[in-house]
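S.K.: Got a structure here, written out as structure tokens. Questions coming.
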Amino acid sequence: MPVEAPRRETVQQLSPYVEAFERMPHDETRRAAFERFLALGFPTSRDEEWRFTNLAALARMNFAPAEARDPALAERIVATLPRSRNIVLLNGRHTASHEIPKVQAGKHFENLENAFLSLNTALYADRTVVHVVGIQLEPIHIIHISLPGARPAMTHPRTLLVFDPNAQGTVVETFVGENVYFNNAVTQIVAGERAVVEHIKIQRESPDSFHISNLLIEQACGSVVTSRSFAFGASLARTEIQAVLSEGSECILNGLYIVNGEQHVDTRTVIDHAKPHAESHELYKGILDGQSSAVFNGKIIVRKDAQKTDAKQTNKNLVLSEDATINTKPQLEIFADDVKCTHGATVGQLDADSMFYLRSRGIGAEAARAMLIQAFAREVVDGIKSEKFREYVGKFV
């Protein structure tokens, strides 16, 4: 049975996705998700959460499902990345067999009004599931490589990370590619009681690509989840993180975005303090040059019963060009009275006094500029536990 036709005003925009869905096998879950995508359509500037991100360039592209490619093509890219316990996907498909453990996903995010999450559910090819039991000493590295053919392609990576009670470990997801494509990724983290989780996302997509990602975090009592997000690539990139905290849990969201030219990067975070005695700490930094633009929209929600919440949110931006723009919007929604919550945002340029101090010590202008930029970014980069991944991310700064 064909899916219901999309609204007339969006037929041209959504037809590539309708064609892709009709060509693939699907069950009721996928069908329901795709119907939801058609009902929502692409967000526009009339949607409050997308007010500063224009998706017109993405919507008018005629993307085809990414074709299967020779796995050997991925080897030259993998060779440039830190060596770890690799899981490699090329155009959304595993390059080697990947056993799918039978694990239970969380339930908090099933009804989100999110078009790209619904699209991913409908169209993902291979699903990556990582089930962490006990203490993992070596980071697990999931490498998403996009190498389209002659036609612009789309992929929809789907990743589920499940950490058993008391489990500890680090999972790194790296996104790289070449040419023109659309990467629509969804990652879900389910952290069991007292689990300690570090998730690192390194976005180094092609400068001609579009990157949309959703990270969904569900935390059990006493768990600690740290998300570190680094955005360096793509023509247009949007990262959305939503976390639901249980009693006594802790969530740390740190991020760094560096954009130049006409790049646009958008970060939206929602931390939902659903239970009492939970903590959240959020620090995002941005460096903008050229005619680039960035958006930061962070929201902390404290539910009525979430007493003794401790939440802090900070967004700092370093603007290196008069033509670069940043829109930042930290938000608090507090429905409890016994809480400690703060938020703040800053936008500035390189400190003139610091530049003068370095120049007076015989340091050249470009070297002094580089030192100050690196110092600004190091606070986020230095938090990475793994030395090899810390060095790898640091070299892009």
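Residues are named by chain letter and number: chains run A, B, ... in the order of the structure tokens, numbers start at 1 in each chain, and ligands are numbered from 1 in the order shown.
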Which residues come within 10 Å of Asp27 (chain A), counting only C-alpha atoms, excluding same-chain residues fewer than 4 positions away, as a VMD selection string?

M.R.: chain A and resid 31 to 32 122

S.K.: Run DSSP on the backbone and grab whatever in region 125-304 of chain A lands in strand (DSSP E or B); send it over as a ChimeraX atom specification.

M.R.: /A:127-132,135,140-146,153-155,158-163,168-177,181-191,196-204,210-219,224-231,236-245,250-259,264-273,279-288,293-302

S.K.: Tell me, in Å to one decimal, how far CA of Leu58 (chain A) is from CA of Ile189 (chain A).

M.R.: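 CA of Ile189 (chain A) lies 27.5 Å from CA of Leu58 (chain A).
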
S.K.: Measuring atom to atom with only C-alpha atoms, identify which of A:Lys102, A:Asp266, A:Asn91, A:Phe116 is nearest to Ala33 (chain A).

M.R.: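 Comparing A:Lys102, A:Asp266, A:Asn91, A:Phe116 against Ala33 (chain A), the winner is A:Phe116.
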
S.K.: Of the candidates A:Pro157, A:Pro139, A:Gly248, A:Gly149, which one gets nearest to Asn86 (chain A) if we count only C-alpha atoms?

M.R.: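 Result for the nearest residue to Asn86 (chain A): A:Pro139.
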
S.K.: Under the rule that only C-alpha atoms are counted, which of A:Asn54, A:Ser249, A:Thr174, A:Ser118 is the nearest residue to Thr80 (chain A)?

M.R.: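 Of A:Asn54, A:Ser249, A:Thr174, A:Ser118, the one nearest Thr80 (chain A), counting only C-alpha atoms, is A:Thr174.
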
S.K.: Using only C-alpha atoms, which residues sit within 10 Å of Pro82 (chain A) once same-chain residues fewer than 5 positions away are excluded, as an MDAnalysis selection string?

M.R.: chainID A and resid 141 388:392

S.K.: Write a file of the just-selected residues containing C-alpha atoms, as a PDB file, in the first residue's frame.

M.R.:
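Generated file (part_16.pdb):
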ATOM      1  CA  HIS A 141      35.132   4.056  17.510  1.00  0.00           C
ATOM      2  CA  LYS A 388      44.909   9.844  21.063  1.00  0.00           C
ATOM      3  CA  PHE A 389      41.446  11.278  20.456  1.00  0.00           C
ATOM      4  CA  ARG A 390      42.326  14.386  22.455  1.00  0.00           C
ATOM      5  CA  GLU A 391      45.334  14.967  20.214  1.00  0.00           C
ATOM      6  CA  TYR A 392      43.322  14.211  17.076  1.00  0.00           C
TER       7      TYR A 392
END

S.K.: Just checking: using only C-alpha atoms, which residue out of A:Glu19, A:Glu75, A:Asp323, A:Asp310 ends up closest to Lys340 (chain A)?

M.R.: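 When distances to Lys340 (chain A) are compared using only C-alpha atoms, the smallest one comes from A:Asp310.
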
S.K.: With only C-alpha atoms as the basis for distance, which of A:Lys312, A:Arg151, A:His108, A:Arg303 is at the shortest distance from Ala243 (chain A)?

M.R.: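 Between A:Lys312, A:Arg151, A:His108, A:Arg303, the residue approaching Ala243 (chain A) most closely is A:His108.
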
S.K.: Which value, in Å to one decimal, gives the distance between CA of Val190 (chain A) and CA of Asp47 (chain A)?

M.R.: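 Interatomic distance, CA of Val190 (chain A) to CA of Asp47 (chain A): 29.0 Å.
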
S.K.: Report, in Å with one decimal, the straight-line distance from CA of Leu256 (chain A) to CA of Gly286 (chain A).

M.R.: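 Here the two named atoms are 5.6 Å from each other.
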
S.K.: Give the helix (DSSP H, G or I) residues of region 94-251 of chain A, as assigned by DSSP on the backbone, as a list in words.

M.R.: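 Those in region 94-251 of chain A that DSSP calls helix (DSSP H, G or I) are Ala115, Phe116, Leu117, Ser118, Leu119, Asn120, Thr121, Ala122 and Leu123 of chain A.
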
S.K.: With N, CA and C atoms retained, export the selected residues as a compact mmCIF listing (two decimals), in the first residue's frame.

M.R.:
# COMPACT_ATOMS: atom_id res chain seq x y z
N ALA A 115 10.97 15.94 12.72
CA ALA A 115 10.87 15.40 11.37
C ALA A 115 12.07 14.55 11.01
N PHE A 116 13.27 14.97 11.40
CA PHE A 116 14.46 14.24 10.99
C PHE A 116 14.63 12.95 11.77
N LEU A 117 14.20 12.92 13.01
CA LEU A 117 14.19 11.66 13.76
C LEU A 117 13.23 10.67 13.11
N SER A 118 12.05 11.14 12.72
CA SER A 118 11.08 10.27 12.03
C SER A 118 11.63 9.77 10.70
N LEU A 119 12.28 10.66 9.96
CA LEU A 119 12.85 10.27 8.66
C LEU A 119 13.93 9.21 8.84
N ASN A 120 14.76 9.36 9.85
CA ASN A 120 15.79 8.36 10.12
C ASN A 120 15.17 7.01 10.45
N THR A 121 14.15 7.00 11.31
CA THR A 121 13.48 5.75 11.67
C THR A 121 12.91 5.06 10.45
N ALA A 122 12.42 5.82 9.49
CA ALA A 122 11.82 5.24 8.30
C ALA A 122 12.84 4.72 7.30
N LEU A 123 14.02 5.36 7.20
CA LEU A 123 14.92 5.08 6.08
C LEU A 123 16.29 4.53 6.45

S.K.: Using only C-alpha atoms, find each residue of region 134-180 of chain A with at least one atom at most 12 Å away from an atom of region 20-25 of chain A; report its shortest atom-to-atom pair and that distance in Å (one decimal), sort the rows by chain and rising residue number, and return the result as a tab-separated table.

M.R.:
residue	atom	partner	partner_atom	distance
A:Ala153	CA	A:Ala20	CA	11.0
A:Met154	CA	A:Ala20	CA	9.9
A:Thr155	CA	A:Ala20	CA	11.0
A:His156	CA	A:Ala20	CA	11.8

S.K.: Which residues of region 13-131 of chain A come within 6 Å of region 159-166 of chain A, and for each one, what is the closest pair of atoms and their distance in Å to one decimal, counting only C-alpha atoms, sorted by chain and residue number, as a Markdown table?

M.R.:
| residue | atom | partner | partner_atom | distance |
| --- | --- | --- | --- | --- |
| A:Arg127 | CA | A:Thr159 | CA | 5.9 |
| A:Thr128 | CA | A:Thr159 | CA | 4.7 |
| A:Val129 | CA | A:Leu160 | CA | 4.8 |
| A:Val130 | CA | A:Leu161 | CA | 4.9 |
| A:His131 | CA | A:Val162 | CA | 4.8 |

S.K.: Suppose we keep C-alpha atoms; can you now write the selection as a CSV table (one decimal), in the first residue's frame?

M.R.:
chain,number,residue,atom,x,y,z
A,127,ARG,CA,21.7,-0.2,12.6
A,128,THR,CA,24.7,-0.2,14.9
A,129,VAL,CA,24.2,-1.5,18.4
A,130,VAL,CA,26.9,-1.4,21.1
A,131,HIS,CA,26.1,-3.1,24.4

S.K.: Excluding Val196 (chain A) and residues on its chain fewer than 4 positions from it, collect all residues at most 8 Å away from it, counting only C-alpha atoms, and give them as an mmCIF file with N, CA and C atoms, in the first residue's frame.

M.R.:
data_model
loop_
_atom_site.group_PDB
_atom_site.id
_atom_site.type_symbol
_atom_site.label_atom_id
_atom_site.label_comp_id
_atom_site.auth_asym_id
_atom_site.auth_seq_id
_atom_site.Cartn_x
_atom_site.Cartn_y
_atom_site.Cartn_z
ATOM 1 N N ASN A 166 26.395 -0.114 36.251
ATOM 2 C CA ASN A 166 27.796 -0.100 36.688
ATOM 3 C C ASN A 166 28.796 -0.200 35.539
ATOM 4 N N ALA A 167 28.332 -0.236 34.295
ATOM 5 C CA ALA A 167 29.259 -0.303 33.169
ATOM 6 C C ALA A 167 29.944 1.051 32.971
ATOM 7 N N GLN A 168 31.141 1.003 32.380
ATOM 8 C CA GLN A 168 31.895 2.221 32.101
ATOM 9 C C GLN A 168 32.541 2.089 30.732
ATOM 10 N N GLY A 169 32.551 3.175 29.981
ATOM 11 C CA GLY A 169 33.199 3.114 28.688
ATOM 12 C C GLY A 169 33.037 4.390 27.886
ATOM 13 N N ALA A 191 21.677 4.680 29.572
ATOM 14 C CA ALA A 191 22.650 4.471 30.645
ATOM 15 C C ALA A 191 21.960 3.846 31.850
ATOM 16 N N SER A 223 23.529 7.435 37.301
ATOM 17 C CA SER A 223 24.400 7.351 36.127
ATOM 18 C C SER A 223 25.046 8.701 35.837
ATOM 19 N N VAL A 224 26.181 8.648 35.134
ATOM 20 C CA VAL A 224 26.897 9.853 34.706
ATOM 21 C C VAL A 224 27.148 9.740 33.208
ATOM 22 N N VAL A 225 26.613 10.665 32.449
ATOM 23 C CA VAL A 225 26.798 10.673 30.994
ATOM 24 C C VAL A 225 27.449 11.985 30.588
#

S.K.: Do a neighbour search on Leu283 (chain A) at 12 Å with only C-alpha atoms, toss out local chain neighbours closer than 6 positions, and write the hits as a ChimeraX atom specification.

M.R.: /A:226-229,251-257,267,269,296,298,311-317,330,342-346,377,379-381,383

S.K.: Could you save those same residues with C-alpha atoms as a PDB file, in the first residue's frame?

M.R.:
ATOM      1  CA  THR A 226      29.249  13.039  29.331  1.00  0.00           C
ATOM      2  CA  SER A 227      28.686  14.196  25.757  1.00  0.00           C
ATOM      3  CA  ARG A 228      31.482  15.979  23.915  1.00  0.00           C
ATOM      4  CA  SER A 229      30.475  17.347  20.524  1.00  0.00           C
ATOM      5  CA  CYS A 251      24.735  14.933  32.709  1.00  0.00           C
ATOM      6  CA  ILE A 252      27.663  16.860  31.225  1.00  0.00           C
ATOM      7  CA  LEU A 253      27.288  18.414  27.777  1.00  0.00           C
ATOM      8  CA  ASN A 254      30.394  20.037  26.308  1.00  0.00           C
ATOM      9  CA  GLY A 255      30.892  21.173  22.756  1.00  0.00           C
ATOM     10  CA  LEU A 256      33.082  23.137  20.372  1.00  0.00           C
ATOM     11  CA  TYR A 257      32.139  24.420  16.932  1.00  0.00           C
ATOM     12  CA  THR A 267      23.330  23.437  18.253  1.00  0.00           C
ATOM     13  CA  THR A 269      20.229  21.093  23.684  1.00  0.00           C
ATOM     14  CA  PHE A 296      23.170  27.968  20.110  1.00  0.00           C
ATOM     15  CA  GLY A 298      20.085  25.537  25.105  1.00  0.00           C
ATOM     16  CA  ALA A 311      22.150  22.941  36.718  1.00  0.00           C
ATOM     17  CA  LYS A 312      24.594  25.261  34.971  1.00  0.00           C
ATOM     18  CA  GLN A 313      24.670  26.274  31.309  1.00  0.00           C
ATOM     19  CA  THR A 314      27.272  28.425  29.547  1.00  0.00           C
ATOM     20  CA  ASN A 315      27.794  29.406  25.921  1.00  0.00           C
ATOM     21  CA  LYS A 316      30.895  31.393  24.908  1.00  0.00           C
ATOM     22  CA  ASN A 317      31.678  32.589  21.400  1.00  0.00           C
ATOM     23  CA  PRO A 330      20.119  29.974  26.788  1.00  0.00           C
ATOM     24  CA  THR A 342      22.346  29.376  36.270  1.00  0.00           C
ATOM     25  CA  HIS A 343      22.858  30.190  32.606  1.00  0.00           C
ATOM     26  CA  GLY A 344      24.816  32.702  30.574  1.00  0.00           C
ATOM     27  CA  ALA A 345      26.207  33.537  27.154  1.00  0.00           C
ATOM     28  CA  THR A 346      29.078  35.700  25.901  1.00  0.00           C
ATOM     29  CA  ALA A 377      39.207  26.014  22.787  1.00  0.00           C
ATOM     30  CA  GLU A 379      38.928  23.919  27.940  1.00  0.00           C
ATOM     31  CA  VAL A 380      36.604  21.730  25.891  1.00  0.00           C
ATOM     32  CA  VAL A 381      39.231  19.655  24.074  1.00  0.00           C
ATOM     33  CA  GLY A 383      38.256  17.081  28.747  1.00  0.00           C
TER      34      GLY A 383
END

S.K.: Hey, which of A:Phe232, A:Phe63, A:Phe37, A:Phe182 ends up closest to Ser292 (chain A)? Count only C-alpha atoms.

M.R.: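 Using only C-alpha atoms, the shortest distance to Ser292 (chain A) belongs to A:Phe232.
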
S.K.: Could you name the residues that touch Leu55 (chain A) at 9 Å or less, counting only C-alpha atoms, but leaving out those on the same chain fewer than 3 positions away, as a list in words?

M.R.: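 What passes the distance filter is Phe42, Pro43, Thr44, Ser45, Trp50, Leu58, Ala59, Arg60 and Leu236 of chain A.
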
S.K.: For the interface of region 229-302 of chain A with region 208-213 of chain A (cut-off 9 Å, counting only C-alpha atoms), please tabulate each contacting residue of region 229-302 of chain A alongside its nearest pair of atoms and their separation in Å to one decimal, rows sorted by chain and increasing number, as a tab-separated table.

M.R.:
residue	atom	partner	partner_atom	distance
A:Gly233	CA	A:Ser209	CA	8.3
A:Ala234	CA	A:Ser209	CA	4.9
A:Ser235	CA	A:Asp208	CA	5.4
A:Leu236	CA	A:Phe210	CA	5.1
A:Ala237	CA	A:His211	CA	4.6
A:Arg238	CA	A:Ile212	CA	4.8
A:Thr239	CA	A:Ser213	CA	5.0
A:Glu240	CA	A:Ser213	CA	6.2
A:Ile241	CA	A:Ser213	CA	8.4

S.K.: Do you know which residues are at most 12 Å from Arg93 (chain A) counting only C-alpha atoms, after dropping those on the same chain fewer than 6 positions away, and could you put them as a list in words?

M.R.: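 Listing them by chain and then by number gives Pro65, Ala66, Glu67, Ala68, Arg69, Asp70, Pro71, Ala74, Ile87, Tyr124, Ala125, Asp126, Arg127, Thr128, Ile142, Ile143, His144, Ile145, Ser146, Leu147, Thr155, His156, Pro157, Arg158 and Thr159 of chain A.
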